[in-house]
Amino acid sequence: MSKISIVFDRVRAEEKMLQKEAEQLGHDTTSIDAKITRFSTESKKTDYDFGNVVLERCVSYFRGIHFTACLEFLDIPVINTFEVANNCGNKMLTSLLLSKHKVPTPKTYFSFSAEAARENLDKVGYPLVIKPIIGSWGRSVVPLKDKDTVDALFEIREFTDGPHDRIFYLQEMVKRPPRDLRAIIV
Ligand SMILES: Nc1ncnc2c1ncn2[C@@H]1O[C@H](COP(=O)(O)OP(=O)(O)OP(=O)(O)O)[C@@H](O)[C@H]1O
Ligand SMILES: [Mg+2]
């Protein structure tokens with residue numbers, strides 16, 4: 001039997017199911033709200049009781065990976081590891097890794113300025129899909145079908161000017177049935 005800590009920022013059905021399964025398998029579980037935890041450069045593993053392993057389940061991606069970094073600093077095993085969460089939470093890193101390991105993936109074009117992204121579009125042609133490299137629920141995933149859309153979208157990026165707005169991730173448009181297609185890679 002081991003002790004499993006489930007770290008959350010909002011408890012969803014999935015966290016309750018994980019806890020139930022773990023308990024049915026005979027493990028001790030505790031739920032910890034990431035929002036009330038505190039760490040410092042002086043923190044030691046013995047300051048906390050996270051058990052044998054932590055399941056990091058934060059809805060907020062940034063909260064989750066930074067929390068994970070603190071746990072790994074203390075040598076506390078956490079699933080997912082920082083490396084996995086960082087790679088999988090960033091579409092550009094994911095695309096590069098899939099391609100490097102010869103996992104078929106839609107053709108994707110990366111550039112680091114609006115000008116270079118326009119050059120990619122001129123070369124490859126419409127339509128392409130633009131995505132923020134970090135994000136979920138399809139937010140700001142937009143099909144680029146013509147120059148007007150590109151002008152409007154790139155202008156918005158100029159105004160918002162977040163760190164991710166400077167990275168242009170353009171992907172070939174995949175013909176798909178009217179349902180979501182997902183591949184789970186382990
Ligand atoms: N290359 C593409 N070609 C056609 N449709 C796409 C493409 N990429 C994304 N989409 C559509 O946009 C939706 C959201 O895309 P994607 O899953 O990449 O974004 P996300 O923000 O990570 O969403 P989620 O949180 O659901 O994973 C997809 O479910 C699909 O319907
Ligand atoms: Mg996604």
# chains A, B, ... in the order shown; residues from 1 in each chain; ligands from 1
call {"tool": "select_by_dssp", "arguments": {"residues": "stretch 8-174 of chain A", "states": "helix (DSSP H, G or I)", "output": "JSON, numbers by chain"}}
result
{"A": [13, 14, 15, 16, 17, 18, 19, 20, 21, 22, 23, 24, 34, 35, 36, 45, 46, 47, 61, 62, 63, 64, 65, 66, 67, 68, 69, 70, 71, 72, 73, 82, 83, 84, 85, 86, 87, 88, 91, 92, 93, 94, 95, 96, 97, 98, 99, 100, 114, 115, 116, 117, 118, 119, 120, 121, 122, 123, 124, 147, 148, 149, 150, 151, 152, 153, 154, 155, 156, 157, 158, 159, 160, 163, 164, 165, 166]}
call {"tool": "residues_near_ligand", "arguments": {"ligand": "ligand 2", "cutoff": "8 Å", "atoms": "only C-alpha atoms and all ligand atoms", "output": "PyMOL selection string"}}
result
chain A and resi 89+91+135-138
call {"tool": "residues_near_ligand", "arguments": {"ligand": "ligand 1", "cutoff": "8 Å", "atoms": "only C-alpha atoms and all ligand atoms", "output": "number ranges by chain"}}
result
A: 91, 106, 128-129, 131-132, 134-143, 171-176, 179-182
call {"tool": "atom_distance", "arguments": {"atom1": "atom CA of A:Lys45", "atom2": "atom CA of A:Asp75"}}
result
7.1 Å
call {"tool": "residues_around", "arguments": {"residues": "A:Phe62", "least_positions_apart": "2", "cutoff": "12 Å", "atoms": "only C-alpha atoms", "output": "ChimeraX atom specification"}}
result
/A:9,34,56-60,64-69,82,85-86,89-90,134-135
call {"tool": "write_last_selection", "arguments": {"atoms": "C-alpha atoms", "output": "PDB file, in the first residue's frame"}}
result
ATOM      1  CA  ASP A   9      -6.993  23.622  -7.821  1.00  0.00           C
ATOM      2  CA  ALA A  34      -2.432  23.692  -4.583  1.00  0.00           C
ATOM      3  CA  GLU A  56      -0.660  16.853 -10.128  1.00  0.00           C
ATOM      4  CA  ARG A  57      -4.193  17.587 -11.381  1.00  0.00           C
ATOM      5  CA  CYS A  58      -4.395  21.397 -11.506  1.00  0.00           C
ATOM      6  CA  VAL A  59      -6.754  22.814 -14.130  1.00  0.00           C
ATOM      7  CA  SER A  60      -4.417  25.780 -14.486  1.00  0.00           C
ATOM      8  CA  GLY A  64       0.482  22.936 -12.237  1.00  0.00           C
ATOM      9  CA  ILE A  65       3.919  22.985 -13.849  1.00  0.00           C
ATOM     10  CA  HIS A  66       5.294  25.479 -11.331  1.00  0.00           C
ATOM     11  CA  PHE A  67       3.903  23.423  -8.487  1.00  0.00           C
ATOM     12  CA  THR A  68       5.563  20.373 -10.096  1.00  0.00           C
ATOM     13  CA  ALA A  69       8.888  22.232 -10.260  1.00  0.00           C
ATOM     14  CA  PHE A  82       7.978  18.644 -15.200  1.00  0.00           C
ATOM     15  CA  ALA A  85       4.063  18.426 -18.533  1.00  0.00           C
ATOM     16  CA  ASN A  86       6.229  21.029 -20.236  1.00  0.00           C
ATOM     17  CA  GLY A  89       1.431  21.452 -22.527  1.00  0.00           C
ATOM     18  CA  ASN A  90       3.195  23.223 -25.366  1.00  0.00           C
ATOM     19  CA  ILE A 134      -0.107  26.915 -24.904  1.00  0.00           C
ATOM     20  CA  GLY A 135      -3.844  26.702 -24.429  1.00  0.00           C
TER      21      GLY A 135
END
call {"tool": "residues_around", "arguments": {"residues": "stretch 164-169 of chain A", "least_positions_apart": "5", "cutoff": "12 Å", "atoms": "only C-alpha atoms", "output": "number ranges by chain"}}
result
A: 90-96, 106-121, 128-135, 140-144, 150, 153-159
call {"tool": "closest_residue", "arguments": {"among": "A:Asp122, A:Asp28, A:Asp47, A:Glu72", "to": "A:Asp146", "atoms": "only C-alpha atoms"}}
result
A:Asp122
call {"tool": "atom_distance", "arguments": {"atom1": "atom CA of A:Pro104", "atom2": "atom CA of A:Val186"}}
result
14.4 Å
call {"tool": "atom_distance", "arguments": {"atom1": "atom CA of A:Pro177", "atom2": "atom CA of A:Asp151"}}
result
28.7 Å
call {"tool": "decode", "arguments": {"residues": "stretch 84-124 of chain A", "atoms": "C-alpha atoms", "output": "tab-separated table (two decimals), in the first residue's frame"}}
result
chain	number	residue	atom	x	y	z
A	84	VAL	CA	6.44	15.64	-19.58
A	85	ALA	CA	4.06	18.43	-18.53
A	86	ASN	CA	6.23	21.03	-20.24
A	87	ASN	CA	6.45	19.05	-23.49
A	88	CYS	CA	2.79	18.06	-23.58
A	89	GLY	CA	1.43	21.45	-22.53
A	90	ASN	CA	3.20	23.22	-25.37
A	91	LYS	CA	1.96	22.43	-28.86
A	92	MET	CA	5.21	23.46	-30.51
A	93	LEU	CA	7.36	21.21	-28.31
A	94	THR	CA	4.87	18.38	-28.82
A	95	SER	CA	4.89	18.77	-32.62
A	96	LEU	CA	8.69	18.84	-32.71
A	97	LEU	CA	8.98	15.72	-30.55
A	98	LEU	CA	6.33	13.79	-32.51
A	99	SER	CA	8.08	14.62	-35.76
A	100	LYS	CA	11.53	13.81	-34.38
A	101	HIS	CA	10.31	10.39	-33.27
A	102	LYS	CA	8.61	9.76	-36.62
A	103	VAL	CA	5.05	9.86	-35.30
A	104	PRO	CA	2.94	11.05	-38.23
A	105	THR	CA	1.66	14.52	-37.47
A	106	PRO	CA	0.04	17.30	-39.52
A	107	LYS	CA	2.60	19.53	-41.26
A	108	THR	CA	3.22	22.43	-38.91
A	109	TYR	CA	5.16	25.63	-39.51
A	110	PHE	CA	6.85	27.67	-36.80
A	111	SER	CA	8.01	31.25	-36.91
A	112	PHE	CA	8.84	33.98	-34.48
A	113	SER	CA	7.42	37.15	-36.02
A	114	ALA	CA	4.30	38.13	-37.93
A	115	GLU	CA	6.47	38.88	-40.98
A	116	ALA	CA	8.01	35.41	-41.02
A	117	ALA	CA	4.56	33.86	-40.46
A	118	ARG	CA	3.26	35.75	-43.50
A	119	GLU	CA	6.18	34.35	-45.52
A	120	ASN	CA	5.22	30.85	-44.39
A	121	LEU	CA	1.62	31.51	-45.47
A	122	ASP	CA	2.72	32.86	-48.86
A	123	LYS	CA	4.85	29.78	-49.40
A	124	VAL	CA	2.45	27.11	-48.15
